[in-house]
Structure formats: structure tokens, C-alpha cells
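Data from protein09.csv: CSV, C-alpha atoms
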chain,number,residue,atom,x,y,z
B,602,MET,CA,106.8,131.1,112.0
B,603,PRO,CA,109.2,129.3,114.3
B,604,ASP,CA,108.8,129.8,118.0
B,605,ALA,CA,112.1,130.4,119.9
B,606,ILE,CA,112.6,128.1,122.8
B,607,GLN,CA,113.6,129.8,126.0
B,608,PRO,CA,115.6,128.1,128.8
B,609,ASN,CA,113.6,125.6,130.8
B,610,PRO,CA,112.4,127.2,134.0
B,611,PRO,CA,113.1,125.4,137.3
B,612,ASN,CA,110.5,122.8,138.3
B,613,PRO,CA,107.9,123.8,135.7
B,614,LYS,CA,104.3,122.9,136.7
B,615,LEU,CA,102.1,120.9,134.3
B,616,CYS,CA,98.3,120.8,134.8
B,617,ILE,CA,96.0,118.7,132.6
B,618,GLY,CA,92.3,118.2,132.7
B,619,PRO,CA,88.9,118.6,131.1
B,620,ALA,CA,86.7,121.7,130.4
B,621,GLY,CA,83.8,121.5,132.7
B,622,TRP,CA,82.4,118.7,134.8
B,623,ASP,CA,78.6,119.1,134.9
B,624,TYR,CA,77.6,117.0,131.9
B,625,PRO,CA,74.6,114.5,132.1
B,626,ASP,CA,76.3,112.2,129.5
B,627,TRP,CA,79.2,111.7,131.9
B,628,GLN,CA,77.1,109.9,134.4
B,629,GLY,CA,77.9,106.2,134.4
B,630,VAL,CA,80.9,106.8,132.0
B,631,VAL,CA,83.1,109.2,133.8
B,632,TYR,CA,81.2,109.2,137.1
B,633,PRO,CA,80.1,106.2,139.1
B,634,PRO,CA,76.3,105.9,139.4
B,635,GLY,CA,74.8,108.2,142.1
B,636,LEU,CA,77.7,110.6,142.2
B,637,LYS,CA,76.4,114.2,142.4
B,638,GLY,CA,77.2,117.8,143.1
B,639,ALA,CA,80.7,118.8,144.2
B,640,ASP,CA,81.6,115.1,144.8
B,641,ARG,CA,82.1,114.9,141.0
B,642,LEU,CA,84.7,117.6,141.2
B,643,THR,CA,86.5,115.7,144.0
B,644,PHE,CA,86.4,112.6,141.9
B,645,LEU,CA,88.0,114.4,138.9
B,646,ALA,CA,90.7,115.7,141.3
B,647,THR,CA,91.8,112.1,141.9
B,648,LEU,CA,92.5,111.8,138.1
B,649,PHE,CA,93.7,115.3,137.1
B,650,THR,CA,95.5,118.4,138.3
B,651,ALA,CA,93.2,120.9,136.6
B,652,VAL,CA,89.6,121.5,135.5
B,653,GLU,CA,88.2,124.5,133.6
B,654,ILE,CA,85.2,126.4,135.0
B,655,ASN,CA,82.8,127.0,132.1
B,656,VAL,CA,79.8,128.4,133.9
B,657,THR,CA,81.5,131.7,134.3
B,658,PHE,CA,81.3,132.3,130.6
B,659,TYR,CA,77.5,132.4,130.9
B,660,ARG,CA,77.1,134.3,134.2
B,661,PRO,CA,79.0,135.4,137.3
B,662,ILE,CA,79.0,132.9,140.1
B,663,PRO,CA,78.2,133.5,143.8
B,664,ALA,CA,81.4,133.3,145.9
B,665,ASP,CA,79.8,130.5,147.8
B,666,TYR,CA,80.2,128.3,144.7
B,667,ALA,CA,83.9,128.9,144.6
B,668,ARG,CA,84.2,128.1,148.3
B,669,ARG,CA,82.3,124.9,147.8
B,670,TRP,CA,84.6,123.9,144.9
B,671,LEU,CA,87.7,124.8,147.1
B,672,ALA,CA,86.4,122.4,149.8
B,673,ALA,CA,85.8,119.7,147.2
B,674,VAL,CA,89.5,119.7,146.2
B,675,ALA,CA,91.0,120.6,149.6
B,676,ASP,CA,92.9,117.2,149.8
B,677,PHE,CA,94.7,117.9,146.5
B,678,PRO,CA,97.2,120.8,147.0
B,679,ASP,CA,98.5,120.7,143.4
B,680,PHE,CA,95.0,121.0,141.9
B,681,ARG,CA,94.2,124.2,140.0
B,682,PHE,CA,91.2,125.8,138.3
B,683,THR,CA,91.1,127.7,135.1
B,684,ALA,CA,88.0,129.8,134.5
B,685,LYS,CA,86.4,131.5,131.5
B,686,VAL,CA,85.7,135.2,131.4
B,687,TRP,CA,82.0,136.2,131.2
B,688,GLN,CA,80.9,136.6,127.6
B,689,VAL,CA,79.7,140.1,128.3
B,690,PHE,CA,83.4,141.1,128.3
B,691,THR,CA,84.5,139.0,125.4
B,692,HIS,CA,81.6,138.7,122.9
B,693,ALA,CA,79.6,141.8,123.7
B,694,ARG,CA,82.8,143.5,124.5
B,695,ARG,CA,81.4,145.7,127.3
B,696,LEU,CA,83.1,146.4,130.6
B,697,PRO,CA,80.4,147.9,133.0
B,698,ALA,CA,81.8,148.5,136.4
B,699,ALA,CA,79.0,146.7,138.2
B,700,ASP,CA,79.4,143.6,136.1
B,701,LEU,CA,83.2,143.6,136.5
B,702,ALA,CA,82.8,143.8,140.3
B,703,GLN,CA,80.2,141.0,140.4
B,704,PHE,CA,82.3,138.8,138.2
B,705,GLN,CA,85.5,139.2,140.1
B,706,ALA,CA,83.8,138.8,143.5
B,707,GLY,CA,82.6,135.4,142.6
B,708,LEU,CA,86.1,134.2,141.7
B,709,ALA,CA,87.9,136.0,144.5
B,710,PRO,CA,88.0,132.9,146.8
B,711,LEU,CA,89.8,130.9,144.2
B,712,LEU,CA,92.3,133.7,143.6
B,713,CYS,CA,92.9,134.3,147.3
B,714,ALA,CA,93.5,130.6,147.8
B,715,GLY,CA,96.1,130.4,145.1
B,716,LYS,CA,93.9,127.9,143.2
B,717,LEU,CA,93.1,130.0,140.1
B,718,GLY,CA,95.8,129.1,137.6
B,719,VAL,CA,94.4,131.1,134.6
B,720,LEU,CA,91.5,133.3,133.8
B,721,LEU,CA,90.7,132.8,130.1
B,722,ALA,CA,89.3,135.4,127.9
B,723,GLN,CA,88.0,133.4,124.9
B,724,PHE,CA,87.1,135.5,121.9
B,725,PRO,CA,85.1,134.4,118.9
B,726,TYR,CA,86.4,133.8,115.4
B,727,SER,CA,85.0,137.2,114.4
B,728,PHE,CA,87.4,138.9,116.7
B,729,HIS,CA,90.2,139.8,114.3
B,730,ASN,CA,93.6,141.4,114.8
B,731,THR,CA,92.8,145.2,114.5
B,732,GLU,CA,94.0,148.2,116.3
B,733,GLU,CA,90.7,148.6,118.0
B,734,ASN,CA,90.6,145.0,119.2
B,735,ARG,CA,94.2,145.2,120.5
B,736,ALA,CA,93.3,148.3,122.4
B,737,TYR,CA,90.3,146.4,123.9
B,738,LEU,CA,92.6,143.7,125.2
B,739,VAL,CA,94.6,146.3,127.0
B,740,ARG,CA,91.5,147.7,128.6
B,741,LEU,CA,90.3,144.2,129.6
B,742,LYS,CA,93.7,143.5,131.2
B,743,ALA,CA,93.4,146.7,133.2
B,744,ALA,CA,89.9,145.9,134.3
B,745,LEU,CA,90.9,142.4,135.5
B,746,GLN,CA,94.4,143.3,136.6
B,747,LYS,CA,94.4,141.2,139.8
B,748,PHE,CA,93.8,138.0,137.8
B,749,PRO,CA,96.2,135.9,135.7
B,750,LEU,CA,94.6,136.7,132.4
B,751,ALA,CA,95.1,134.7,129.2
B,752,VAL,CA,93.7,135.4,125.7
B,753,GLU,CA,92.3,132.9,123.2
B,754,VAL,CA,91.7,134.1,119.7
B,755,ARG,CA,90.7,131.9,116.7
B,756,HIS,CA,91.3,133.9,113.6
B,757,ARG,CA,94.7,133.6,111.8
B,758,SER,CA,95.1,137.4,111.5
B,759,TRP,CA,96.5,137.2,115.0
B,760,GLN,CA,99.3,134.7,114.1
B,761,GLN,CA,102.2,137.0,113.7
B,762,ARG,CA,105.3,138.0,115.6
B,763,ALA,CA,104.1,141.5,116.3
B,764,VAL,CA,101.0,140.1,118.1
B,765,ARG,CA,103.2,137.9,120.3
B,766,GLU,CA,105.3,140.9,121.2
B,767,PHE,CA,102.2,143.0,121.9
B,768,LEU,CA,100.8,140.3,124.3
B,769,ALA,CA,104.0,140.0,126.2
B,770,GLU,CA,104.3,143.8,126.6
B,771,ALA,CA,100.7,144.0,127.7
B,772,GLY,CA,101.2,141.3,130.3
B,773,LEU,CA,98.8,138.9,128.7
B,774,ASP,CA,99.3,135.1,128.5
B,775,PHE,CA,98.4,133.5,125.2
B,776,CYS,CA,96.2,130.5,124.9
B,777,ASN,CA,97.2,128.2,122.1
B,778,ILE,CA,94.4,126.1,120.6
B,779,ASP,CA,93.9,122.9,118.7
B,780,GLN,CA,90.9,123.3,116.4
B,781,PRO,CA,89.7,122.2,112.9
B,782,MET,CA,91.6,123.7,110.0
B,783,VAL,CA,88.6,125.3,108.3
B,784,SER,CA,88.2,128.9,106.9
B,785,TYR,CA,91.1,131.0,108.2
B,786,PRO,CA,92.0,129.5,111.6
B,787,MET,CA,94.9,129.9,114.0
B,788,GLY,CA,97.5,127.3,113.3
B,789,ALA,CA,99.3,125.0,115.7
B,790,THR,CA,101.1,127.7,117.7
B,791,LYS,CA,103.3,127.0,120.7
B,792,TRP,CA,103.5,130.6,122.1
B,793,VAL,CA,104.3,131.6,125.6
B,794,THR,CA,104.0,135.3,126.2
B,795,GLY,CA,104.2,135.3,130.0
B,796,THR,CA,104.9,132.9,132.7
B,797,ARG,CA,102.1,130.5,131.7
B,798,GLY,CA,101.8,128.1,128.8
B,799,TYR,CA,98.2,127.2,127.8
B,800,LEU,CA,96.8,124.8,125.3
B,801,ARG,CA,93.1,124.2,124.8
B,802,CYS,CA,92.1,121.2,122.7
B,803,HIS,CA,88.7,121.6,120.9
B,804,GLY,CA,88.9,118.6,118.7
B,805,ARG,CA,89.2,118.6,114.9
B,806,ARG,CA,85.7,118.0,113.7
B,807,GLN,CA,85.5,120.1,110.6
B,808,ASP,CA,81.9,119.4,109.5
B,809,THR,CA,80.2,121.0,112.5
B,810,TRP,CA,82.7,123.7,113.5
B,811,PHE,CA,80.6,126.6,112.1
B,812,GLU,CA,77.3,124.9,112.4
B,813,PHE,CA,75.0,126.3,115.2
B,814,GLY,CA,72.1,123.9,115.3
B,815,ASP,CA,70.2,122.6,118.3
B,816,ASP,CA,73.2,120.5,119.4
B,817,ARG,CA,75.7,123.2,120.2
B,818,GLY,CA,78.1,120.6,121.6
B,819,ALA,CA,78.4,118.8,118.3
B,820,ARG,CA,81.3,120.9,117.2
B,821,TYR,CA,83.3,119.5,120.1
B,822,ASP,CA,82.2,115.9,119.6
B,823,TYR,CA,85.5,114.4,118.7
B,824,LEU,CA,88.0,111.8,120.0
B,825,TYR,CA,91.6,112.5,119.3
B,826,SER,CA,93.5,109.5,117.8
B,827,PRO,CA,96.7,108.2,119.3
B,828,GLU,CA,98.7,109.9,116.5
B,829,GLU,CA,97.0,113.2,117.1
B,830,LEU,CA,97.7,112.9,120.8
B,831,GLU,CA,101.4,112.5,120.1
B,832,ASP,CA,101.2,115.8,118.2
B,833,LEU,CA,99.5,117.4,121.2
B,834,ALA,CA,102.2,115.9,123.5
B,835,ALA,CA,104.9,117.4,121.4
B,836,ARG,CA,103.3,120.9,121.6
B,837,THR,CA,102.9,120.5,125.3
B,838,ARG,CA,106.5,119.6,125.8
B,839,GLU,CA,107.6,122.8,124.0
B,840,LEU,CA,105.2,124.9,126.0
B,841,LYS,CA,106.5,123.4,129.2
B,842,ALA,CA,110.1,124.1,128.2
B,843,LYS,CA,109.2,127.8,128.0
B,844,ALA,CA,106.8,128.3,130.9
B,845,ARG,CA,106.8,128.3,134.7
B,846,GLU,CA,103.3,126.7,134.6
B,847,THR,CA,101.6,124.9,131.7
B,848,TYR,CA,97.9,124.1,131.4
B,849,VAL,CA,96.3,121.7,128.9
B,850,ILE,CA,92.5,121.6,128.8
B,851,PHE,CA,90.4,119.3,126.7
B,852,ASN,CA,87.2,120.8,125.5
B,853,ASN,CA,85.9,117.8,123.5
B,854,HIS,CA,83.6,117.0,126.3
B,855,PRO,CA,80.7,115.0,124.7
B,856,ALA,CA,80.4,111.4,126.0
B,857,GLY,CA,83.4,111.8,128.2
B,858,GLN,CA,85.9,112.1,125.4
B,859,ALA,CA,87.8,114.9,127.0
B,860,VAL,CA,88.4,112.8,130.1
B,861,ALA,CA,89.7,109.9,128.0
B,862,ASN,CA,92.0,112.0,125.9
B,863,ALA,CA,93.3,113.9,128.9
B,864,LEU,CA,94.2,110.7,130.6
B,865,GLU,CA,95.9,109.5,127.5
B,866,LEU,CA,98.0,112.7,127.2
B,867,ILE,CA,99.1,112.3,130.8
B,868,SER,CA,100.3,108.8,130.0
B,869,LEU,CA,102.3,110.1,127.2
B,870,LEU,CA,103.8,113.0,129.1
B,871,GLN,CA,104.2,111.3,132.5
B,872,PRO,CA,104.8,107.6,131.7
B,873,GLY,CA,105.5,106.8,135.3
B,874,HIS,CA,102.3,108.3,136.5
B,875,LYS,CA,99.8,105.9,138.0
B,876,ILE,CA,96.5,106.2,136.2
B,877,SER,CA,93.4,104.3,137.2
B,878,PRO,CA,90.5,105.5,135.0
B,879,PRO,CA,86.8,104.9,135.9
B,880,ARG,CA,85.5,101.5,135.0
B,881,GLY,CA,82.8,103.0,132.9
B,882,LEU,CA,85.3,105.0,130.9
B,883,LEU,CA,87.4,101.9,130.2
B,884,THR,CA,84.2,100.2,128.9
B,885,VAL,CA,83.5,103.0,126.4
B,886,PHE,CA,87.1,103.7,125.5
B,887,PRO,CA,88.9,100.3,125.7
B,888,ARG,CA,92.2,101.6,124.3
B,889,LEU,CA,92.7,103.3,127.7
B,890,SER,CA,93.6,99.9,129.1
B,891,GLN,CA,96.9,100.1,127.2
B,892,THR,CA,98.0,103.0,129.4
B,893,THR,CA,96.6,102.2,132.8
B,894,LEU,CA,97.0,99.9,135.8
B,895,GLY,CA,93.3,98.9,135.9
B,896,PRO,CA,89.9,100.3,136.5
B,897,LYS,CA,89.0,102.8,139.2
B,898,GLU,CA,86.3,101.3,141.5
As C-alpha cells, please, write out the structure in this file.
Amino acid sequence: MPDAIQPNPPNPKLCIGPAGWDYPDWQGVVYPPGLKGADRLTFLATLFTAVEINVTFYRPIPADYARRWLAAVADFPDFRFTAKVWQVFTHARRLPAADLAQFQAGLAPLLCAGKLGVLLAQFPYSFHNTEENRAYLVRLKAALQKFPLAVEVRHRSWQQRAVREFLAEAGLDFCNIDQPMVSYPMGATKWVTGTRGYLRCHGRRQDTWFEFGDDRGARYDYLYSPEELEDLAARTRELKAKARETYVIFNNHPAGQAVANALELISLLQPGHKISPPRGLLTVFPRLSQTTLGPKE
């Protein structure tokens, strides 16, 4: 189904970055030796304009965490966070008042500071397009009405014009995804249903996508090729042409691949942008040297 291109909004904002930042296998590759705590977030802010908060999917955070993260990026006014909705609301699909209050209180400092670009409700593949599930999205939006809420769905039953119209009417942004083409997945959409464009890149590793063994990160263990990145760049340009703000998040985090691919996408979309990746990243991903001015000390 073709996506109609709307007039390009004035001065659209583009934020690109990785999903998460607290990964042991990034030490010495993404991060210089000895870098710890919130200093890692500051380091990423020298490279990117966004990062996704993943911990909120597993549990609410204390507001002090959010204030600490704000302090870490205080010198980067264009930097934005995206954050995942607690799985109690998306996978268990329950909306207890106490849980909602606790979850929102933890993210309130980011929202009040204007640093929370998107709050992402990521639903599982089993969440199909049904009347009941559409009604639940409306309830979730009402429960989190103060937040800029986007919805990620993974089953192709959602890929129809009526869904796009429903999301726009409900005031929900749509999260486009790049994922392996296995079973009955969402295709390569380029939808914008509100003021924000959103693209999450999960990699295209088919053999582990539905495998849930001991290594749960294996499904995201994927490095996009230069040709695949050109495809993602084209999708991003179309989103940016429709949206006031566009967010592109790489979730292929194992071994720092998300950081490498995010930097490569920036070089494709912003060729004049000065990129100096970490020295360790250049060692592991030497093709980055083709798009950079040299290693980051």
C-alpha cells in the first residue's frame, strides 16, 4: 500500500541513536576502558542525538535515575530520549492505577525537561489487529495521555489503511520497524500518523527471530550491510518528509553493531556531519573509516 507524502514540515528534527547503553560487550569497543555509569551516556551524546531507554520495559525507574541522565546530557541541548513502556502495560495488558502512577513518576523529569521525544509501547507479535486490541490502545493512550505515545506492532494484520486512520484519530504515533521477513510480519512501512516519525531497526536475522534460548540477544545479533543501510536511509528520508520530528533507533545492540550502523546511517543522511567514532569501534568495524574523519580518542 503506497504511503502518501505530506508537505515537508519546516525545519524537521532528525534524531538517530542506539537502543540502550548498558551492555558489557560495549566496553572497549564503544566505550573507552574505564568509562562507567552515566559517563557512558555523556559519551554517546557526543556521537548521537538520541538513545532509547530500555530498562523501563522491565520495571519503573526512580525519578532520580531520570535526573541523573538529564545531568549527563546537559551540554547537548538537541539530545532526546525515547523510552519503552513497561511490559505490564503491553504484554500483560493490565493498567493498574498504582503501576501507572509509579511508571509515569519515574519518567516525569524527562517529560518536564522536554527531553522525552517518544514513549514507545512495543507489543509482541501475538498482538494482532482485533477490535479488542484496538480498544486497548485507546485505553492505553488515555492512561498515558501526558506522554508522546507511539505504538509498535509486529504482525501484518495491522498493515492496512484503516489502521493508519485509526491511529491518527486516536492520537497515536506509529513506530515503523525493520525486522526479519519471517512468518507474517509487518512489512517496510513508512507511516506517520501524528507529528513524529519513528523507525526501529531490529536487524534481519531470520534464524533466531523466534528462538528464545539462553541468549535472548541473539535475535538482534546482526550488522546491516551498506546496501541495507541505503534502504533504511530512503525510508528515513520519507518519514522526515512527513514528520515534524523523526527518530531512528538501532536495536541490533550485540557487540556494538547498533552504534556502528547508527553512525553509518548518519553519514548517509547528513554527509557534512563530522563523525569521529571510538577507536575501538573502528578496529572492530573497519568500514567505518570510509565515512569518518578519524578515531575518537
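Rounded to one decimal, atom CA of Pro855 of chain B and atom CA of Leu882 of chain B lie 12.6 Å from each other.
The shortest atom-to-atom distance to Asn777 of chain B, with all atoms listed in the file taken into account, belongs to B:Glu839 out of B:Glu653, B:Glu733, B:Glu839, B:Asp808.
Interatomic distance, atom CA of Trp687 of chain B to atom CA of Leu840 of chain B: 26.3 Å.
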Hey, what's within 6 Å of segment 703-716 of chain B if we count only C-alpha atoms and toss same-chain stuff fewer than 5 positions away? As a count of residues only, please?
6
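Using only C-alpha atoms for every distance, the candidate list B:Ala673, B:Cys802, B:Ala702, B:Leu720 yields B:Cys802 as the residue closest to Pro619 of chain B.
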Quick one: pull the distance between atom CA of Ala744 of chain B and atom CA of Thr790 of chain B, Å, one decimal.
27.1 Å
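Among the candidates B:Ile876, B:Val631, B:Val793, B:Val674, the one nearest to Arg762 of chain B when counting all atoms listed in the file is B:Val793.
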Among B:Pro613, B:Gly718, B:Gly618, B:Pro634, Glu865 of chain B is approached most closely, using all atoms listed in the file, by B:Gly618
Select all residues near (92.7, 100.7, 130.5) (cut-off 12 Å, inclusive, file coordinates), counting all atoms listed in the file, and output them as a CSV table (one decimal) with C-alpha atoms, keeping the file's coordinate frame.
chain,number,residue,atom,x,y,z
B,861,ALA,CA,89.7,109.9,128.0
B,864,LEU,CA,94.2,110.7,130.6
B,865,GLU,CA,95.9,109.5,127.5
B,868,SER,CA,100.3,108.8,130.0
B,875,LYS,CA,99.8,105.9,138.0
B,876,ILE,CA,96.5,106.2,136.2
B,877,SER,CA,93.4,104.3,137.2
B,878,PRO,CA,90.5,105.5,135.0
B,879,PRO,CA,86.8,104.9,135.9
B,880,ARG,CA,85.5,101.5,135.0
B,881,GLY,CA,82.8,103.0,132.9
B,882,LEU,CA,85.3,105.0,130.9
B,883,LEU,CA,87.4,101.9,130.2
B,884,THR,CA,84.2,100.2,128.9
B,885,VAL,CA,83.5,103.0,126.4
B,886,PHE,CA,87.1,103.7,125.5
B,887,PRO,CA,88.9,100.3,125.7
B,888,ARG,CA,92.2,101.6,124.3
B,889,LEU,CA,92.7,103.3,127.7
B,890,SER,CA,93.6,99.9,129.1
B,891,GLN,CA,96.9,100.1,127.2
B,892,THR,CA,98.0,103.0,129.4
B,893,THR,CA,96.6,102.2,132.8
B,894,LEU,CA,97.0,99.9,135.8
B,895,GLY,CA,93.3,98.9,135.9
B,896,PRO,CA,89.9,100.3,136.5
B,897,LYS,CA,89.0,102.8,139.2
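Between Leu615 of chain B and the candidates B:Val739, B:Leu870, B:Ala856, B:Leu833, the tightest atom-to-atom separation, counting only C-alpha atoms, involves B:Leu870.
Taking only C-alpha atoms, the non-local environment of Glu770 of chain B within 12 Å (same-chain residues fewer than 3 positions away omitted) comprises Arg735, Leu738, Val739, Lys742, Ala763, Val764, Arg765, Glu766, Phe767, Leu773, Asp774, Phe775, Thr794 and Gly795 of chain B.
Using all atoms listed in the file, the smallest distance between any of B:Ala743, B:Leu696, B:Ala620, B:Val754 and Asn730 of chain B comes from B:Val754.
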Close residues, Asp676 of chain B itself excluded, 12 Å, all atoms listed in the file, min 2 positions apart in chain, as a PyMOL selection string
chain B and resi 642-644+646-647+650+670-674+678-680
Skipping near chain neighbours, those fewer than 6 positions away, what residues fall within 6 Å of Tyr821 of chain B using only C-alpha atoms, listed as number ranges by chain?
B: 803-804, 853
Just the selected residues (C-alpha atoms), exported as a PDB file, keeping the file's coordinate frame, please.
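This is the output file result-v1.pdb:
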ATOM      1  CA  HIS B 803      88.700 121.600 120.900  1.00  0.00           C
ATOM      2  CA  GLY B 804      88.900 118.600 118.700  1.00  0.00           C
ATOM      3  CA  ASN B 853      85.900 117.800 123.500  1.00  0.00           C
TER       4      ASN B 853
END
Show which residues sit within 12 Å of Ala835 of chain B, as a short mmCIF file (atom, residue, chain, number, x, y, z; two decimals) with C-alpha atoms, in the coordinates of the input. Count all atoms listed in the file, and ignore same-chain residues fewer than 2 positions away.
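Generated file (part-v4.cif):
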data_model
loop_
_atom_site.label_atom_id
_atom_site.label_comp_id
_atom_site.auth_asym_id
_atom_site.auth_seq_id
_atom_site.Cartn_x
_atom_site.Cartn_y
_atom_site.Cartn_z
CA ALA B 789 99.30 125.00 115.70
CA THR B 790 101.10 127.70 117.70
CA LYS B 791 103.30 127.00 120.70
CA LEU B 800 96.80 124.80 125.30
CA GLU B 828 98.70 109.90 116.50
CA GLU B 829 97.00 113.20 117.10
CA LEU B 830 97.70 112.90 120.80
CA GLU B 831 101.40 112.50 120.10
CA ASP B 832 101.20 115.80 118.20
CA LEU B 833 99.50 117.40 121.20
CA THR B 837 102.90 120.50 125.30
CA ARG B 838 106.50 119.60 125.80
CA GLU B 839 107.60 122.80 124.00
CA LEU B 840 105.20 124.90 126.00
CA LYS B 841 106.50 123.40 129.20
CA ALA B 842 110.10 124.10 128.20
CA LEU B 866 98.00 112.70 127.20
CA LEU B 869 102.30 110.10 127.20
CA LEU B 870 103.80 113.00 129.10
#
